[in-house]
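Data block below; observations after.
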Amino acid sequence: MSAAAIIRDRAGAEPVALAVVLGSGLGGLAERVEEAVRIPYAELPGFPAAGVSGHAGALVVGRLSGARVALLAGRAHYYETGDAAAMRGAIETLAALEVGALLLTNAAGSTRPAMPPGALMAISDHIAWSGRNPLIGDASDARFCDMTDAYDPSLRARLKALDPELHEGVYAWFSGPSFETPAEIRAVAMLGADAVGMSTAPETILARRCGLRVAGVSVITNFAAGMSATALTHAQTKAEADRASARFERLVAAFAEGFA
Ligand code: HPA
């Protein structure tokens, strides 16, 4: 049975209006889902075996603010195995389920002094700085997908209307797992990156390849390398994501309401 068929079988055939990929330390939102049906990734063919701390590895289908949602608590990253298409099976499953929109979330570092830890940023565009593209090896003409407005402007406008303090900016995807060097941060900041992180961009490419509407939100957990005296650690990422989680959860819950 396909993952989409398993999900329909266990969680019901009612269409999913909004799917959300939860970033590092942001999994708490899954607890807010009502009538929740939780399916471990291990039981869904094509889904990743998520193993990074801060990432649980389960799909939670249910209701958030009255909308039918599917939350992906846990994602696979390029840095885990070197596979930029690690989320392909999961995203193709969302496309097979014909979800109305996909919200990708992440923890990210800020390159802008005016966007400090604790800030939320709607992603307006990305720079795939890792140099890898998840569609390499895809043999169909659909691989040549247009990335103009990959982050849907109307979904972004909805996000901004919900939180007047929401920043907006460009996300630069680095492979990780080491953090960036201060020189790399200076370089991408000069090129237009407002935030940096190790996920999301390949998922956006895969999702656009499948025709899904995409929105993205970064939770700023730190100033990027070289911008502050604080050393960068994954523990700090998780702790800061946790501190920002109330605002983040409020935003996503309000965003979901628009899909009810
Ligand atoms: N760089 C890359 N990924 C991140 C960062 C960062 O500064 N913070 C959280 N995820």
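Just so we're on the same page: first chain in the structure tokens is A, next is B, and so on; residues restart at 1 for each chain, and ligands are numbered from 1 in the order they show up.
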
(request) Enumerate as a PyMOL selection string all residues of stretch 88-208 of chain A assigned to alpha helix (DSSP H) by DSSP on the backbone, naming them with the chain letters and numbers the document uses. (result) chain A and resi 88-96+153-162+182-190+201-208

Stretch 74-145 of chain A near stretch 225-232 of chain A within 9 Å: what's each residue's closest atom pair and its distance in Å to one decimal, counting only C-alpha atoms, ordered by chain then ascending residue number, as a Markdown table?
| residue | atom | partner | partner_atom | distance |
| --- | --- | --- | --- | --- |
| A:Gly109 | CA | A:Ala225 | CA | 8.1 |
| A:Ser110 | CA | A:Met227 | CA | 9.0 |
| A:Thr111 | CA | A:Met227 | CA | 7.7 |
| A:Arg112 | CA | A:Met227 | CA | 9.0 |
| A:Pro113 | CA | A:Met227 | CA | 8.2 |

(request) Could you report the residues within 7 Å of ligand 1, using only C-alpha atoms and all ligand atoms, as a ChimeraX atom specification? (result) /A:107-110,174,176,179-180,196-198,221-225,232,237

Could the residues in this selection be written to a file with C-alpha atoms, as a compact mmCIF listing (two decimals), in the first residue's frame?
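Listing of out.txt after writing:
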# COMPACT_ATOMS: atom_id res chain seq x y z
CA ALA A 107 15.07 27.18 12.76
CA ALA A 108 17.51 29.59 11.14
CA GLY A 109 20.31 32.01 11.82
CA SER A 110 19.83 35.70 11.03
CA PHE A 174 23.72 25.64 3.40
CA GLY A 176 25.56 21.77 7.11
CA PHE A 179 27.61 25.82 10.91
CA GLU A 180 28.76 28.44 8.39
CA VAL A 196 20.58 30.83 6.80
CA GLY A 197 19.72 27.23 7.52
CA MET A 198 20.18 23.59 6.60
CA THR A 221 17.27 31.11 16.84
CA ASN A 222 20.60 32.96 16.60
CA PHE A 223 22.61 35.60 14.87
CA ALA A 224 24.60 33.86 12.16
CA ALA A 225 28.31 33.04 12.56
CA LEU A 232 26.69 28.28 17.72
CA THR A 237 19.03 26.19 18.30

(request) Name all residues at most 12 Å from A:Ala96 (count only C-alpha atoms; drop same-chain ones fewer than 5 positions away) and give them as a list of chain:residue names. (result) A:Ser2, A:Ala3, A:Ala4, A:Ala5, A:Ile6, A:Ile7, A:Arg8, A:Pro15, A:Val16, A:Gly89, A:Ala90, A:Ile91, A:Ala207, A:Cys210, A:Gly211, A:Leu212

(request) Write out as a VMD selection string the residues lying within 8 Å of A:Thr204, counting only C-alpha atoms and excluding same-chain residues fewer than 4 positions away. (result) chain A and resid 104 150 to 151 200 208 214

(message) Residues near A:Arg88, anyone? I mean within 10 Å using only C-alpha atoms, not counting same-chain ones fewer than 6 positions away, as number ranges by chain.
(response) A: 46-48, 76, 94, 134-135, 202-203, 205-207, 210

With N, CA and C atoms kept, could you save the residues just selected as a CSV table (one decimal), in the first residue's frame?
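Full text of again_32.csv as output:
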chain,number,residue,atom,x,y,z
A,46,GLY,N,8.5,5.4,1.9
A,46,GLY,CA,9.1,6.6,1.2
A,46,GLY,C,9.4,7.8,2.2
A,47,PHE,N,8.8,7.7,3.4
A,47,PHE,CA,9.1,8.7,4.4
A,47,PHE,C,10.5,8.5,5.0
A,48,PRO,N,11.2,9.5,5.5
A,48,PRO,CA,12.5,9.4,6.0
A,48,PRO,C,12.6,8.8,7.4
A,76,ALA,N,14.0,14.9,7.1
A,76,ALA,CA,15.4,14.5,6.8
A,76,ALA,C,16.1,15.6,6.2
A,94,LEU,N,2.3,14.0,0.0
A,94,LEU,CA,1.4,15.2,0.2
A,94,LEU,C,0.8,15.6,-1.1
A,134,PRO,N,17.6,18.7,-5.5
A,134,PRO,CA,17.0,17.4,-5.3
A,134,PRO,C,16.4,16.8,-6.5
A,135,LEU,N,16.3,17.6,-7.6
A,135,LEU,CA,15.7,17.0,-8.8
A,135,LEU,C,16.7,16.4,-9.8
A,202,PRO,N,15.5,22.5,-0.4
A,202,PRO,CA,15.2,21.3,-1.3
A,202,PRO,C,13.8,20.9,-1.3
A,203,GLU,N,13.1,21.0,-0.1
A,203,GLU,CA,11.7,20.6,0.0
A,203,GLU,C,10.9,21.5,-0.9
A,205,ILE,N,11.8,23.0,-3.6
A,205,ILE,CA,12.0,22.6,-5.0
A,205,ILE,C,11.2,21.3,-5.3
A,206,LEU,N,11.3,20.3,-4.4
A,206,LEU,CA,10.5,19.1,-4.6
A,206,LEU,C,9.0,19.4,-4.7
A,207,ALA,N,8.5,20.3,-3.8
A,207,ALA,CA,7.1,20.6,-3.7
A,207,ALA,C,6.7,21.3,-5.0
A,210,CYS,N,6.1,19.1,-7.8
A,210,CYS,CA,4.8,18.4,-7.7
A,210,CYS,C,3.6,19.4,-7.9

(request) Name the closest residue to A:Tyr41 among the candidates A:Ala172, A:Ala13, A:Met1, A:Ala73; distances are taken between atoms, counting only C-alpha atoms. (result)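 Counting only C-alpha atoms, the residue closest to A:Tyr41 is A:Ala73.
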
(request) Between A:Pro116, A:Gly62, A:Gly27, A:Pro45, single out the one closest to A:Ala11, counting only C-alpha atoms. (result) A:Gly62

(message) Let me make sure I understand: among A:Val33, A:Ile220, A:Arg209, A:Glu168, which one has the smallest atom-to-atom distance to A:Ala142 if we use only C-alpha atoms?
(response)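 Comparing A:Val33, A:Ile220, A:Arg209, A:Glu168 against A:Ala142, the winner is A:Arg209.
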
Going by DSSP on the backbone, which residues of stretch 56-166 of chain A come out as strand (DSSP E or B)? List them as an mmCIF file with all heavy atoms, in the first residue's frame.
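What ended up in part_13.cif:
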data_model
loop_
_atom_site.group_PDB
_atom_site.id
_atom_site.type_symbol
_atom_site.label_atom_id
_atom_site.label_comp_id
_atom_site.auth_asym_id
_atom_site.auth_seq_id
_atom_site.Cartn_x
_atom_site.Cartn_y
_atom_site.Cartn_z
ATOM 1 N N ALA A 58 7.193 11.623 12.909
ATOM 2 C CA ALA A 58 5.834 11.102 12.800
ATOM 3 C C ALA A 58 4.947 12.089 12.057
ATOM 4 O O ALA A 58 5.158 13.303 12.121
ATOM 5 C CB ALA A 58 5.249 10.815 14.177
ATOM 6 N N LEU A 59 3.970 11.536 11.358
ATOM 7 C CA LEU A 59 2.962 12.356 10.697
ATOM 8 C C LEU A 59 1.749 12.425 11.625
ATOM 9 O O LEU A 59 1.304 11.399 12.140
ATOM 10 C CB LEU A 59 2.563 11.704 9.365
ATOM 11 C CG LEU A 59 1.532 12.471 8.546
ATOM 12 C CD1 LEU A 59 2.189 13.650 7.853
ATOM 13 C CD2 LEU A 59 0.889 11.557 7.513
ATOM 14 N N VAL A 60 1.264 13.629 11.875
ATOM 15 C CA VAL A 60 0.103 13.802 12.758
ATOM 16 C C VAL A 60 -1.011 14.454 11.932
ATOM 17 O O VAL A 60 -0.865 15.590 11.471
ATOM 18 C CB VAL A 60 0.461 14.686 13.976
ATOM 19 C CG1 VAL A 60 -0.770 14.891 14.862
ATOM 20 C CG2 VAL A 60 1.601 14.052 14.771
ATOM 21 N N VAL A 61 -2.091 13.686 11.730
ATOM 22 C CA VAL A 61 -3.224 14.195 10.943
ATOM 23 C C VAL A 61 -4.379 14.488 11.894
ATOM 24 O O VAL A 61 -4.648 13.701 12.802
ATOM 25 C CB VAL A 61 -3.669 13.160 9.883
ATOM 26 C CG1 VAL A 61 -4.815 13.709 9.041
ATOM 27 C CG2 VAL A 61 -2.493 12.773 8.986
ATOM 28 N N GLY A 62 -5.017 15.620 11.707
ATOM 29 C CA GLY A 62 -6.139 15.964 12.572
ATOM 30 C C GLY A 62 -6.649 17.341 12.239
ATOM 31 O O GLY A 62 -6.654 17.741 11.072
ATOM 32 N N ARG A 63 -7.054 18.070 13.297
ATOM 33 C CA ARG A 63 -7.666 19.367 13.092
ATOM 34 C C ARG A 63 -6.928 20.418 13.899
ATOM 35 O O ARG A 63 -6.616 20.207 15.064
ATOM 36 C CB ARG A 63 -9.126 19.278 13.556
ATOM 37 C CG ARG A 63 -10.084 20.002 12.672
ATOM 38 C CD ARG A 63 -11.521 19.556 12.898
ATOM 39 N NE ARG A 63 -11.869 18.429 12.058
ATOM 40 C CZ ARG A 63 -12.032 18.502 10.730
ATOM 41 N NH1 ARG A 63 -11.888 19.625 10.077
ATOM 42 N NH2 ARG A 63 -12.340 17.424 10.035
ATOM 43 N N LEU A 64 -6.621 21.539 13.247
ATOM 44 C CA LEU A 64 -5.985 22.665 13.920
ATOM 45 C C LEU A 64 -6.778 23.906 13.537
ATOM 46 O O LEU A 64 -6.936 24.179 12.332
ATOM 47 C CB LEU A 64 -4.518 22.784 13.478
ATOM 48 C CG LEU A 64 -3.677 23.873 14.136
ATOM 49 C CD1 LEU A 64 -3.479 23.619 15.627
ATOM 50 C CD2 LEU A 64 -2.301 23.979 13.455
ATOM 51 N N ALA A 67 -9.243 23.492 10.845
ATOM 52 C CA ALA A 67 -8.810 23.044 9.507
ATOM 53 C C ALA A 67 -8.243 21.631 9.587
ATOM 54 O O ALA A 67 -7.616 21.257 10.580
ATOM 55 C CB ALA A 67 -7.747 23.985 8.960
ATOM 56 N N ARG A 68 -8.459 20.884 8.546
ATOM 57 C CA ARG A 68 -7.888 19.540 8.454
ATOM 58 C C ARG A 68 -6.408 19.685 8.066
ATOM 59 O O ARG A 68 -6.079 20.258 7.018
ATOM 60 C CB ARG A 68 -8.660 18.776 7.394
ATOM 61 C CG ARG A 68 -8.087 17.452 7.055
ATOM 62 C CD ARG A 68 -8.813 16.355 7.779
ATOM 63 N NE ARG A 68 -8.509 15.101 7.120
ATOM 64 C CZ ARG A 68 -8.401 13.947 7.744
ATOM 65 N NH1 ARG A 68 -8.607 13.859 9.040
ATOM 66 N NH2 ARG A 68 -8.121 12.844 7.067
ATOM 67 N N VAL A 69 -5.533 19.208 8.949
ATOM 68 C CA VAL A 69 -4.094 19.418 8.743
ATOM 69 C C VAL A 69 -3.323 18.105 8.812
ATOM 70 O O VAL A 69 -3.807 17.112 9.371
ATOM 71 C CB VAL A 69 -3.498 20.383 9.806
ATOM 72 C CG1 VAL A 69 -4.103 21.785 9.695
ATOM 73 C CG2 VAL A 69 -3.669 19.824 11.212
ATOM 74 N N ALA A 70 -2.136 18.116 8.243
ATOM 75 C CA ALA A 70 -1.171 17.027 8.409
ATOM 76 C C ALA A 70 0.145 17.679 8.815
ATOM 77 O O ALA A 70 0.681 18.501 8.065
ATOM 78 C CB ALA A 70 -1.011 16.254 7.103
ATOM 79 N N LEU A 71 0.606 17.356 10.013
ATOM 80 C CA LEU A 71 1.880 17.917 10.472
ATOM 81 C C LEU A 71 2.966 16.866 10.315
ATOM 82 O O LEU A 71 2.791 15.714 10.724
ATOM 83 C CB LEU A 71 1.806 18.345 11.944
ATOM 84 C CG LEU A 71 0.717 19.338 12.354
ATOM 85 C CD1 LEU A 71 0.996 19.881 13.748
ATOM 86 C CD2 LEU A 71 0.602 20.476 11.375
ATOM 87 N N LEU A 72 4.075 17.273 9.723
ATOM 88 C CA LEU A 72 5.224 16.374 9.621
ATOM 89 C C LEU A 72 6.196 16.765 10.733
ATOM 90 O O LEU A 72 6.901 17.776 10.632
ATOM 91 C CB LEU A 72 5.898 16.488 8.254
ATOM 92 C CG LEU A 72 5.152 15.807 7.094
ATOM 93 C CD1 LEU A 72 3.986 16.669 6.614
ATOM 94 C CD2 LEU A 72 6.087 15.512 5.932
ATOM 95 N N ALA A 73 6.147 15.991 11.815
ATOM 96 C CA ALA A 73 7.019 16.275 12.950
ATOM 97 C C ALA A 73 8.328 15.531 12.719
ATOM 98 O O ALA A 73 8.446 14.342 13.020
ATOM 99 C CB ALA A 73 6.352 15.849 14.245
ATOM 100 N N ALA A 101 -2.092 23.277 0.625
ATOM 101 C CA ALA A 101 -0.878 24.094 0.703
ATOM 102 C C ALA A 101 0.110 23.395 1.629
ATOM 103 O O ALA A 101 -0.279 22.544 2.437
ATOM 104 C CB ALA A 101 -1.196 25.487 1.240
ATOM 105 N N LEU A 102 1.373 23.756 1.479
ATOM 106 C CA LEU A 102 2.431 23.179 2.308
ATOM 107 C C LEU A 102 3.197 24.317 2.972
ATOM 108 O O LEU A 102 3.740 25.198 2.291
ATOM 109 C CB LEU A 102 3.391 22.348 1.434
ATOM 110 C CG LEU A 102 4.664 21.832 2.106
ATOM 111 C CD1 LEU A 102 4.342 20.901 3.281
ATOM 112 C CD2 LEU A 102 5.541 21.086 1.085
ATOM 113 N N LEU A 103 3.211 24.325 4.306
ATOM 114 C CA LEU A 103 3.977 25.322 5.059
ATOM 115 C C LEU A 103 5.252 24.651 5.573
ATOM 116 O O LEU A 103 5.185 23.677 6.331
ATOM 117 C CB LEU A 103 3.144 25.850 6.236
ATOM 118 C CG LEU A 103 3.853 26.789 7.204
ATOM 119 C CD1 LEU A 103 4.308 28.075 6.511
ATOM 120 C CD2 LEU A 103 2.947 27.123 8.391
ATOM 121 N N LEU A 104 6.389 25.153 5.121
ATOM 122 C CA LEU A 104 7.677 24.614 5.551
ATOM 123 C C LEU A 104 8.237 25.524 6.636
ATOM 124 O O LEU A 104 8.284 26.748 6.455
ATOM 125 C CB LEU A 104 8.649 24.557 4.361
ATOM 126 C CG LEU A 104 8.178 23.682 3.196
ATOM 127 C CD1 LEU A 104 9.093 23.865 1.984
ATOM 128 C CD2 LEU A 104 8.154 22.205 3.609
ATOM 129 N N THR A 105 8.637 24.953 7.759
ATOM 130 C CA THR A 105 9.161 25.781 8.852
ATOM 131 C C THR A 105 10.550 25.288 9.242
ATOM 132 O O THR A 105 10.898 24.129 9.021
ATOM 133 C CB THR A 105 8.223 25.759 10.072
ATOM 134 O OG1 THR A 105 8.303 24.490 10.734
ATOM 135 C CG2 THR A 105 6.773 26.043 9.673
ATOM 136 N N ASN A 106 11.311 26.183 9.805
ATOM 137 C CA ASN A 106 12.669 25.814 10.191
ATOM 138 C C ASN A 106 13.194 26.743 11.276
ATOM 139 O O ASN A 106 12.635 27.803 11.530
ATOM 140 C CB ASN A 106 13.602 25.861 8.963
ATOM 141 C CG ASN A 106 13.638 27.240 8.319
ATOM 142 O OD1 ASN A 106 13.906 28.242 8.984
ATOM 143 N ND2 ASN A 106 13.355 27.307 7.027
ATOM 144 N N ALA A 107 14.280 26.313 11.892
ATOM 145 C CA ALA A 107 15.072 27.179 12.758
ATOM 146 C C ALA A 107 16.195 27.713 11.885
ATOM 147 O O ALA A 107 16.754 26.984 11.066
ATOM 148 C CB ALA A 107 15.636 26.378 13.925
ATOM 149 N N ALA A 108 16.506 28.997 12.025
ATOM 150 C CA ALA A 108 17.510 29.591 11.138
ATOM 151 C C ALA A 108 18.316 30.642 11.870
ATOM 152 O O ALA A 108 17.891 31.187 12.893
ATOM 153 C CB ALA A 108 16.811 30.220 9.927
ATOM 154 N N GLY A 109 19.484 30.925 11.313
ATOM 155 C CA GLY A 109 20.306 32.013 11.822
ATOM 156 C C GLY A 109 19.999 33.280 11.034
ATOM 157 O O GLY A 109 19.667 33.215 9.845
ATOM 158 N N SER A 110 20.107 34.424 11.698
ATOM 159 C CA SER A 110 19.833 35.704 11.031
ATOM 160 C C SER A 110 21.128 36.374 10.599
ATOM 161 O O SER A 110 22.119 36.375 11.330
ATOM 162 C CB SER A 110 19.095 36.633 12.003
ATOM 163 O OG SER A 110 19.076 37.964 11.492
ATOM 164 N N LEU A 120 10.373 35.979 13.889
ATOM 165 C CA LEU A 120 9.854 35.050 12.880
ATOM 166 C C LEU A 120 9.989 35.722 11.515
ATOM 167 O O LEU A 120 9.792 36.930 11.388
ATOM 168 C CB LEU A 120 8.377 34.727 13.135
ATOM 169 C CG LEU A 120 8.000 34.148 14.497
ATOM 170 C CD1 LEU A 120 6.499 33.824 14.532
ATOM 171 C CD2 LEU A 120 8.795 32.890 14.801
ATOM 172 N N MET A 121 10.328 34.939 10.497
ATOM 173 C CA MET A 121 10.520 35.490 9.141
ATOM 174 C C MET A 121 9.745 34.669 8.125
ATOM 175 O O MET A 121 9.941 33.458 8.021
ATOM 176 C CB MET A 121 12.021 35.482 8.789
ATOM 177 C CG MET A 121 12.336 36.149 7.442
ATOM 178 S SD MET A 121 14.060 35.913 6.921
ATOM 179 C CE MET A 121 13.893 34.385 5.960
ATOM 180 N N ALA A 122 8.876 35.335 7.371
ATOM 181 C CA ALA A 122 8.234 34.678 6.239
ATOM 182 C C ALA A 122 9.265 34.612 5.109
ATOM 183 O O ALA A 122 9.902 35.623 4.788
ATOM 184 C CB ALA A 122 7.011 35.469 5.791
ATOM 185 N N ILE A 123 9.438 33.442 4.541
ATOM 186 C CA ILE A 123 10.442 33.284 3.478
ATOM 187 C C ILE A 123 9.851 33.795 2.163
ATOM 188 O O ILE A 123 8.785 33.352 1.725
ATOM 189 C CB ILE A 123 10.881 31.814 3.347
ATOM 190 C CG1 ILE A 123 11.447 31.313 4.687
ATOM 191 C CG2 ILE A 123 11.907 31.655 2.232
ATOM 192 C CD1 ILE A 123 11.793 29.832 4.692
ATOM 193 N N SER A 124 10.552 34.754 1.555
ATOM 194 C CA SER A 124 10.065 35.315 0.292
ATOM 195 C C SER A 124 10.727 34.628 -0.906
ATOM 196 O O SER A 124 10.183 34.640 -2.014
ATOM 197 C CB SER A 124 10.344 36.812 0.236
ATOM 198 O OG SER A 124 11.726 37.045 0.395
ATOM 199 N N ASP A 125 11.913 34.041 -0.661
ATOM 200 C CA ASP A 125 12.666 33.413 -1.755
ATOM 201 C C ASP A 125 13.834 32.666 -1.114
ATOM 202 O O ASP A 125 14.103 32.835 0.080
ATOM 203 C CB ASP A 125 13.168 34.500 -2.714
ATOM 204 C CG ASP A 125 13.458 33.960 -4.116
ATOM 205 O OD1 ASP A 125 13.492 32.716 -4.289
ATOM 206 O OD2 ASP A 125 13.670 34.779 -5.019
ATOM 207 N N HIS A 126 14.533 31.851 -1.890
ATOM 208 C CA HIS A 126 15.709 31.202 -1.302
ATOM 209 C C HIS A 126 16.902 31.223 -2.255
ATOM 210 O O HIS A 126 16.748 31.458 -3.462
ATOM 211 C CB HIS A 126 15.390 29.775 -0.831
ATOM 212 C CG HIS A 126 15.268 28.737 -1.916
ATOM 213 N ND1 HIS A 126 14.254 27.810 -1.964
ATOM 214 C CD2 HIS A 126 16.051 28.442 -3.005
ATOM 215 C CE1 HIS A 126 14.416 27.013 -3.010
ATOM 216 N NE2 HIS A 126 15.491 27.389 -3.655
ATOM 217 N N ILE A 127 18.056 31.008 -1.665
ATOM 218 C CA ILE A 127 19.294 30.800 -2.416
ATOM 219 C C ILE A 127 19.773 29.401 -2.023
ATOM 220 O O ILE A 127 20.019 29.146 -0.846
ATOM 221 C CB ILE A 127 20.362 31.849 -2.039
ATOM 222 C CG1 ILE A 127 19.864 33.269 -2.360
ATOM 223 C CG2 ILE A 127 21.674 31.557 -2.768
ATOM 224 C CD1 ILE A 127 20.786 34.378 -1.849
ATOM 225 N N TYR A 151 7.717 30.612 -3.269
ATOM 226 C CA TYR A 151 7.018 30.854 -1.995
ATOM 227 C C TYR A 151 5.819 31.741 -2.331
ATOM 228 O O TYR A 151 5.985 32.927 -2.620
ATOM 229 C CB TYR A 151 7.976 31.492 -0.976
ATOM 230 C CG TYR A 151 9.149 30.579 -0.675
ATOM 231 C CD1 TYR A 151 10.292 30.585 -1.488
ATOM 232 C CD2 TYR A 151 9.088 29.680 0.381
ATOM 233 C CE1 TYR A 151 11.349 29.716 -1.238
ATOM 234 C CE2 TYR A 151 10.145 28.811 0.637
ATOM 235 C CZ TYR A 151 11.267 28.838 -0.178
ATOM 236 O OH TYR A 151 12.315 27.977 0.062
#

(message) Quick check, in Å to one decimal: how far apart do atom CA of A:Pro153 and atom CA of A:Arg213 lie?
(response)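 Taking atom CA of A:Pro153 as the start and atom CA of A:Arg213 as the end point, the length is 9.9 Å.
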